[in-house]
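Accompanying notes for the structure given below.
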Amino acid sequence: MYRFLLTPRWWGINVFAVLAIPFCIFMGSWQLGRFEVRFDSHQQQAERAAAAETAAARPLGSLLPVDQVTSGRQARARGTYDVRRQLLVPDRTLDRKASSRPGFYVLTPLRTDGGKALPVVRGWLPGDADNPADTAKVPAPPAGEVTVTGALQASENIGTSGVHSAGGLPKGQLGMISAASLVNIVPYPVYDAWITLGDTSAPLKAVPPAAAEGSGLDLKAFQNLGYTLEWFVFAGFVVFMWFRLFRREAETARDAALGIGDGDGDGVGVGGGGGEGVSVG
């Protein structure tokens, strides 16, 4: 009854199922592994962030370049604030959520003893960076040589929440905190990193450090989880369709063996009186 399994059509169906099911399971497992890596990285980053809050600050040079391990660590640098080139970073929120109260960062370059400048986000203010009434509230940075301590952050990129990558901002504003954005604004080299101060001067509010790129439970992490479910559903669908085709083919073969088919039967006439007859199929 199952001789149909040896037909070329079913050879093709079986080969497809044998190859498709392991492939779907492999891809689903791979996507699940990617999610687990991101989840573990998120946990590690949270633990490092908690430890960084109580850890002693280290010299800036010892923490560069910024990576997932050094991001968020307390860095220490000494230099002089360049007040003339202070910049405002518009359309930023403290918790980086679109629904939060809008405001702007206050960024002042710190000319370090080594010659390079370190972008220092001294804090956040609510309001509009284009409104003179709001920008007038920005307090002046300390004069003279100072030592600053803050959470180390990697340069932003076009994928960072809140950045203005298209340009077109007024003079005195910065859309993206990065060495590449500052190179055409300041006449001196800039570190490929920045820090956010934990201790700020009123009315500024401290900007919390962001998690290192690729270490948080972001949209990509949940996409991996969604793809995992999809691949496993595909594997189940292949099994379901194979079983459904097999059952239908088996029922057709069984009906054929029992002589039950869709063919036309010949009628047999049984004559009666008056020329009337009953046809028995």
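Following the order of the structure tokens, chains are lettered A, B, ..., residues in each are numbered from 1, and ligands are numbered from 1.
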Residue contacts of Tyr105 in chain A (10 Å, only C-alpha atoms) excluding same-chain residues fewer than 4 positions away, as a short mmCIF file (atom, residue, chain, number, x, y, z; two decimals) with all heavy atoms, in the first residue's frame:
data_model
loop_
_atom_site.label_atom_id
_atom_site.label_comp_id
_atom_site.auth_asym_id
_atom_site.auth_seq_id
_atom_site.Cartn_x
_atom_site.Cartn_y
_atom_site.Cartn_z
N LEU A 87 29.43 73.19 23.45
CA LEU A 87 28.41 72.79 22.48
C LEU A 87 27.17 72.25 23.19
O LEU A 87 27.27 71.69 24.30
CB LEU A 87 28.97 71.71 21.54
CG LEU A 87 30.16 72.12 20.68
CD1 LEU A 87 30.83 70.88 20.08
CD2 LEU A 87 29.73 73.08 19.58
N LEU A 88 26.05 72.41 22.54
CA LEU A 88 24.79 71.85 23.03
C LEU A 88 24.38 70.70 22.10
O LEU A 88 24.46 70.83 20.87
CB LEU A 88 23.69 72.91 23.05
CG LEU A 88 23.99 74.18 23.86
CD1 LEU A 88 22.81 75.14 23.80
CD2 LEU A 88 24.35 73.85 25.30
N VAL A 89 23.95 69.59 22.70
CA VAL A 89 23.52 68.42 21.94
C VAL A 89 22.00 68.34 22.07
O VAL A 89 21.48 67.95 23.11
CB VAL A 89 24.18 67.13 22.47
CG1 VAL A 89 23.84 65.95 21.56
CG2 VAL A 89 25.69 67.31 22.58
N PRO A 90 21.26 68.74 21.02
CA PRO A 90 19.81 68.90 21.15
C PRO A 90 19.04 67.58 21.09
O PRO A 90 19.56 66.54 20.69
CB PRO A 90 19.46 69.78 19.95
CG PRO A 90 20.48 69.39 18.91
CD PRO A 90 21.75 69.11 19.69
N ASP A 91 17.78 67.68 21.51
CA ASP A 91 16.80 66.58 21.39
C ASP A 91 17.28 65.32 22.10
O ASP A 91 17.23 64.22 21.56
CB ASP A 91 16.51 66.27 19.91
CG ASP A 91 15.96 67.48 19.17
OD1 ASP A 91 15.23 68.26 19.80
OD2 ASP A 91 16.27 67.63 17.97
N ARG A 92 17.72 65.48 23.32
CA ARG A 92 18.15 64.34 24.13
C ARG A 92 17.29 64.24 25.38
O ARG A 92 16.77 65.22 25.89
CB ARG A 92 19.63 64.47 24.53
CG ARG A 92 20.59 64.48 23.36
CD ARG A 92 20.48 63.20 22.54
NE ARG A 92 21.39 63.19 21.41
CZ ARG A 92 22.54 62.54 21.40
NH1 ARG A 92 22.92 61.85 22.46
NH2 ARG A 92 23.31 62.57 20.33
N THR A 93 17.13 63.00 25.85
CA THR A 93 16.38 62.73 27.08
C THR A 93 17.28 62.01 28.06
O THR A 93 18.29 61.39 27.67
CB THR A 93 15.14 61.87 26.79
OG1 THR A 93 15.56 60.65 26.17
CG2 THR A 93 14.18 62.61 25.86
N LEU A 94 16.92 62.06 29.32
CA LEU A 94 17.77 61.43 30.33
C LEU A 94 17.74 59.91 30.24
O LEU A 94 18.74 59.24 30.48
CB LEU A 94 17.32 61.87 31.73
CG LEU A 94 17.79 63.25 32.18
CD1 LEU A 94 17.32 63.53 33.60
CD2 LEU A 94 19.30 63.39 32.10
N VAL A 120 33.39 66.30 27.36
CA VAL A 120 32.81 66.07 28.67
C VAL A 120 31.36 66.55 28.66
O VAL A 120 31.09 67.73 28.42
CB VAL A 120 33.60 66.82 29.77
CG1 VAL A 120 32.92 66.62 31.13
CG2 VAL A 120 35.04 66.34 29.81
N VAL A 121 30.43 65.63 28.86
CA VAL A 121 29.02 66.00 29.00
C VAL A 121 28.80 66.38 30.46
O VAL A 121 28.77 65.51 31.34
CB VAL A 121 28.09 64.86 28.56
CG1 VAL A 121 26.64 65.19 28.89
CG2 VAL A 121 28.24 64.59 27.06
N ARG A 122 28.68 67.67 30.70
CA ARG A 122 28.58 68.16 32.09
C ARG A 122 27.18 67.95 32.67
O ARG A 122 27.00 68.02 33.89
CB ARG A 122 28.97 69.62 32.16
CG ARG A 122 30.41 69.88 31.77
CD ARG A 122 30.87 71.27 32.17
NE ARG A 122 30.17 72.32 31.46
CZ ARG A 122 29.43 73.26 32.04
NH1 ARG A 122 29.26 73.27 33.36
NH2 ARG A 122 28.84 74.20 31.31
N GLY A 123 26.19 67.68 31.80
CA GLY A 123 24.85 67.44 32.31
C GLY A 123 23.79 67.67 31.25
O GLY A 123 24.09 67.88 30.07
N TRP A 124 22.56 67.61 31.71
CA TRP A 124 21.37 67.73 30.83
C TRP A 124 20.45 68.80 31.38
O TRP A 124 20.31 68.96 32.60
CB TRP A 124 20.65 66.39 30.79
CG TRP A 124 19.33 66.38 30.07
CD1 TRP A 124 19.12 66.17 28.74
CD2 TRP A 124 18.02 66.58 30.63
NE1 TRP A 124 17.77 66.22 28.44
CE2 TRP A 124 17.08 66.46 29.58
CE3 TRP A 124 17.57 66.85 31.92
CZ2 TRP A 124 15.71 66.61 29.79
CZ3 TRP A 124 16.21 66.99 32.14
CH2 TRP A 124 15.30 66.87 31.08
N LEU A 125 19.83 69.54 30.47
CA LEU A 125 18.84 70.53 30.84
C LEU A 125 17.57 70.31 30.04
O LEU A 125 17.64 70.01 28.84
CB LEU A 125 19.36 71.95 30.55
CG LEU A 125 20.21 72.63 31.63
CD1 LEU A 125 20.69 73.98 31.13
CD2 LEU A 125 19.42 72.80 32.92
N PRO A 126 16.39 70.46 30.66
CA PRO A 126 15.16 70.38 29.88
C PRO A 126 14.99 71.64 29.05
O PRO A 126 15.47 72.71 29.41
CB PRO A 126 14.07 70.27 30.96
CG PRO A 126 14.67 70.96 32.15
CD PRO A 126 16.15 70.67 32.09
N ALA A 129 17.23 73.60 22.70
CA ALA A 129 18.56 74.17 22.49
C ALA A 129 18.52 75.39 21.58
O ALA A 129 19.50 76.14 21.51
CB ALA A 129 19.49 73.11 21.90
N VAL A 138 22.33 77.57 31.21
CA VAL A 138 23.52 76.72 31.27
C VAL A 138 24.58 77.37 32.14
O VAL A 138 25.02 78.49 31.84
CB VAL A 138 24.08 76.47 29.86
CG1 VAL A 138 25.36 75.65 29.93
CG2 VAL A 138 23.04 75.76 29.00
N GLN A 173 25.83 73.85 18.13
CA GLN A 173 25.14 72.60 18.44
C GLN A 173 25.85 71.42 17.77
O GLN A 173 26.49 71.58 16.73
CB GLN A 173 23.68 72.65 18.00
CG GLN A 173 22.85 73.68 18.74
CD GLN A 173 21.38 73.60 18.40
OE1 GLN A 173 20.89 72.58 17.90
NE2 GLN A 173 20.63 74.67 18.67
N LEU A 174 25.71 70.26 18.38
CA LEU A 174 26.36 69.05 17.90
C LEU A 174 25.33 67.93 17.84
O LEU A 174 24.63 67.68 18.83
CB LEU A 174 27.52 68.67 18.83
CG LEU A 174 28.35 67.44 18.46
CD1 LEU A 174 29.16 67.70 17.19
CD2 LEU A 174 29.28 67.05 19.61
N THR A 196 30.60 61.22 30.85
CA THR A 196 29.46 61.93 31.41
C THR A 196 29.68 62.06 32.91
O THR A 196 29.95 61.06 33.60
CB THR A 196 28.14 61.21 31.09
OG1 THR A 196 27.08 61.82 31.83
CG2 THR A 196 28.19 59.73 31.42
N LEU A 204 21.91 71.71 36.08
CA LEU A 204 22.21 70.55 35.25
C LEU A 204 21.89 69.26 36.00
O LEU A 204 22.07 69.17 37.22
CB LEU A 204 23.69 70.55 34.85
CG LEU A 204 24.16 71.67 33.91
CD1 LEU A 204 25.67 71.58 33.73
CD2 LEU A 204 23.46 71.57 32.57
N LYS A 205 21.45 68.25 35.26
CA LYS A 205 21.21 66.92 35.80
C LYS A 205 22.17 65.94 35.15
O LYS A 205 22.44 66.03 33.94
CB LYS A 205 19.76 66.49 35.56
CG LYS A 205 18.74 67.34 36.31
CD LYS A 205 17.33 66.81 36.10
CE LYS A 205 16.32 67.64 36.86
NZ LYS A 205 14.92 67.14 36.67
N ALA A 206 22.69 65.01 35.93
CA ALA A 206 23.67 64.06 35.42
C ALA A 206 23.05 63.15 34.37
O ALA A 206 21.91 62.69 34.52
CB ALA A 206 24.24 63.22 36.56
N VAL A 207 23.78 62.90 33.31
CA VAL A 207 23.35 62.01 32.24
C VAL A 207 23.83 60.60 32.56
O VAL A 207 25.04 60.36 32.67
CB VAL A 207 23.91 62.45 30.88
CG1 VAL A 207 23.52 61.46 29.78
CG2 VAL A 207 23.41 63.85 30.54
#
(message) Need the shell around range 139-154 of chain A: protein/DNA/RNA residues with any atom at most 7 Å away, counting only C-alpha atoms. Skip same-chain ones fewer than 2 positions apart. Format as a PyMOL selection string?
(response) chain A and resi 57+66+71-81+137+156+193-198+209
(message) Just checking: using only C-alpha atoms, which residue out of A:Glu47, A:Trp242, A:Cys24, A:Arg3 ends up closest to Glu230 in chain A?
(response)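 That would be A:Cys24, the residue with the smallest distance to Glu230 in chain A.
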(message) Neighbouring residues of Ile21 in chain A were defined as those with any atom within 8 Å, considering only C-alpha atoms; residues of the same chain fewer than 3 positions away were excluded. Please report them as a list in words.
(response) Ala17, Val18, Cys24, Ile25, Ala235, Gly236, Val238 and Val239 of chain A
(request) Could you give me, as an MDAnalysis selection string, each residue of range 48-167 of chain A that DSSP assigns to strand (DSSP E or B) when run on this structure's backbone? (result) chainID A and resid 58:59 74:81 87:92 103:112 117:126 145:153
Could those selected residues go to a file with N, CA and C atoms, as a CSV table (one decimal), in the first residue's frame?
chain,number,residue,atom,x,y,z
A,58,ARG,N,40.0,55.5,37.3
A,58,ARG,CA,41.3,55.2,36.7
A,58,ARG,C,41.6,56.3,35.7
A,59,PRO,N,42.9,56.5,35.4
A,59,PRO,CA,43.3,57.4,34.4
A,59,PRO,C,42.7,57.1,33.1
A,74,GLN,N,34.6,54.4,35.5
A,74,GLN,CA,34.9,55.7,36.0
A,74,GLN,C,36.3,56.1,35.5
A,75,ALA,N,36.4,57.1,34.7
A,75,ALA,CA,37.7,57.6,34.1
A,75,ALA,C,38.0,59.0,34.7
A,76,ARG,N,39.3,59.2,34.8
A,76,ARG,CA,39.8,60.5,35.4
A,76,ARG,C,40.7,61.2,34.4
A,77,ALA,N,40.5,62.5,34.3
A,77,ALA,CA,41.3,63.3,33.4
A,77,ALA,C,41.5,64.6,34.0
A,78,ARG,N,42.7,65.2,33.6
A,78,ARG,CA,43.0,66.6,34.1
A,78,ARG,C,43.2,67.5,32.9
A,79,GLY,N,42.7,68.7,33.0
A,79,GLY,CA,42.9,69.7,32.0
A,79,GLY,C,42.2,71.0,32.2
A,80,THR,N,41.9,71.7,31.2
A,80,THR,CA,41.2,73.0,31.2
A,80,THR,C,40.0,73.0,30.3
A,81,TYR,N,38.9,73.4,30.7
A,81,TYR,CA,37.7,73.5,29.9
A,81,TYR,C,37.9,74.6,28.8
A,87,LEU,N,29.4,73.2,23.4
A,87,LEU,CA,28.4,72.8,22.5
A,87,LEU,C,27.2,72.2,23.2
A,88,LEU,N,26.0,72.4,22.5
A,88,LEU,CA,24.8,71.8,23.0
A,88,LEU,C,24.4,70.7,22.1
A,89,VAL,N,24.0,69.6,22.7
A,89,VAL,CA,23.5,68.4,21.9
A,89,VAL,C,22.0,68.3,22.1
A,90,PRO,N,21.3,68.7,21.0
A,90,PRO,CA,19.8,68.9,21.1
A,90,PRO,C,19.0,67.6,21.1
A,91,ASP,N,17.8,67.7,21.5
A,91,ASP,CA,16.8,66.6,21.4
A,91,ASP,C,17.3,65.3,22.1
A,92,ARG,N,17.7,65.5,23.3
A,92,ARG,CA,18.2,64.3,24.1
A,92,ARG,C,17.3,64.2,25.4
A,103,GLY,N,15.1,67.6,26.0
A,103,GLY,CA,16.1,68.6,26.5
A,103,GLY,C,17.4,68.5,25.7
A,104,PHE,N,18.5,68.9,26.3
A,104,PHE,CA,19.8,68.9,25.6
A,104,PHE,C,20.9,68.7,26.5
A,105,TYR,N,22.0,68.1,26.0
A,105,TYR,CA,23.2,67.9,26.7
A,105,TYR,C,24.0,69.1,26.6
A,106,VAL,N,24.8,69.4,27.6
A,106,VAL,CA,25.8,70.4,27.6
A,106,VAL,C,27.2,69.8,27.6
A,107,LEU,N,27.9,70.0,26.4
A,107,LEU,CA,29.2,69.3,26.2
A,107,LEU,C,30.3,70.4,26.2
A,108,THR,N,31.3,70.2,27.0
A,108,THR,CA,32.4,71.1,27.0
A,108,THR,C,33.7,70.4,26.8
A,109,PRO,N,34.5,70.7,25.8
A,109,PRO,CA,35.8,70.0,25.6
A,109,PRO,C,36.8,70.3,26.7
A,110,LEU,N,37.5,69.3,27.2
A,110,LEU,CA,38.5,69.5,28.2
A,110,LEU,C,39.8,69.3,27.6
A,111,ARG,N,40.6,70.4,27.5
A,111,ARG,CA,42.0,70.3,26.9
A,111,ARG,C,42.9,69.6,28.0
A,112,THR,N,43.2,68.4,27.7
A,112,THR,CA,44.0,67.6,28.7
A,112,THR,C,45.5,68.0,28.6
A,117,ALA,N,41.8,66.7,23.4
A,117,ALA,CA,40.6,67.2,24.1
A,117,ALA,C,39.7,66.0,24.4
A,118,LEU,N,39.1,66.0,25.6
A,118,LEU,CA,38.2,65.0,25.9
A,118,LEU,C,36.8,65.6,26.0
A,119,PRO,N,35.8,65.2,25.2
A,119,PRO,CA,34.5,65.7,25.3
A,119,PRO,C,33.8,65.3,26.6
A,120,VAL,N,33.4,66.3,27.4
A,120,VAL,CA,32.8,66.1,28.7
A,120,VAL,C,31.4,66.6,28.7
A,121,VAL,N,30.4,65.6,28.9
A,121,VAL,CA,29.0,66.0,29.0
A,121,VAL,C,28.8,66.4,30.5
A,122,ARG,N,28.7,67.7,30.7
A,122,ARG,CA,28.6,68.2,32.1
A,122,ARG,C,27.2,67.9,32.7
A,123,GLY,N,26.2,67.7,31.8
A,123,GLY,CA,24.9,67.4,32.3
A,123,GLY,C,23.8,67.7,31.3
A,124,TRP,N,22.6,67.6,31.7
A,124,TRP,CA,21.4,67.7,30.8
A,124,TRP,C,20.5,68.8,31.4
A,125,LEU,N,19.8,69.5,30.5
A,125,LEU,CA,18.8,70.5,30.8
A,125,LEU,C,17.6,70.3,30.0
A,126,PRO,N,16.4,70.5,30.7
A,126,PRO,CA,15.2,70.4,29.9
A,126,PRO,C,15.0,71.6,29.0
A,145,GLU,N,42.7,74.9,35.7
A,145,GLU,CA,42.9,73.5,35.6
A,145,GLU,C,42.1,72.7,36.6
A,146,VAL,N,41.4,71.7,36.1
A,146,VAL,CA,40.5,70.9,36.9
A,146,VAL,C,40.8,69.4,36.7
A,147,THR,N,40.3,68.6,37.6
A,147,THR,CA,40.3,67.1,37.4
A,147,THR,C,38.9,66.7,37.4
A,148,VAL,N,38.5,66.0,36.3
A,148,VAL,CA,37.1,65.6,36.2
A,148,VAL,C,37.1,64.0,36.2
A,149,THR,N,36.0,63.5,36.7
A,149,THR,CA,35.7,62.1,36.8
A,149,THR,C,34.3,61.8,36.3
A,150,GLY,N,34.3,60.8,35.4
A,150,GLY,CA,32.9,60.5,34.9
A,150,GLY,C,33.0,59.1,34.2
A,151,ALA,N,31.7,58.7,33.8
A,151,ALA,CA,31.6,57.4,33.2
A,151,ALA,C,32.1,57.4,31.8
A,152,LEU,N,33.0,56.5,31.4
A,152,LEU,CA,33.5,56.5,30.0
A,152,LEU,C,32.5,56.0,29.1
A,153,GLN,N,32.4,56.6,27.9
A,153,GLN,CA,31.5,56.2,26.9
A,153,GLN,C,32.2,56.2,25.5
(request) Can you work out the spacing between CA of Asp192 in chain A and CA of Met176 in chain A in Å, to one decimal? (result)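 Between these atoms lies a distance of 12.3 Å.
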(request) Apply DSSP to the structure's backbone, then extract all residues of range 16-188 of chain A labelled helix (DSSP H, G or I) and return them as a PyMOL selection string. (result) chain A and resi 16-54+60-63+83-85+132-135+179-182
(request) Quick one: pull the distance between CA of Thr70 in chain A and CA of Lys116 in chain A, Å, one decimal. (result)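 It comes out at 19.7 Å.
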(request) In Å, rounded to a single decimal, give me how far CA of Ser201 in chain A is from CA of Gly115 in chain A. (result) 26.0 Å
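When only C-alpha atoms are used to measure the gap to Arg34 in chain A, the shortest distance among A:Leu225, A:Ala55, A:Ala257, A:Ala179 belongs to A:Leu225.
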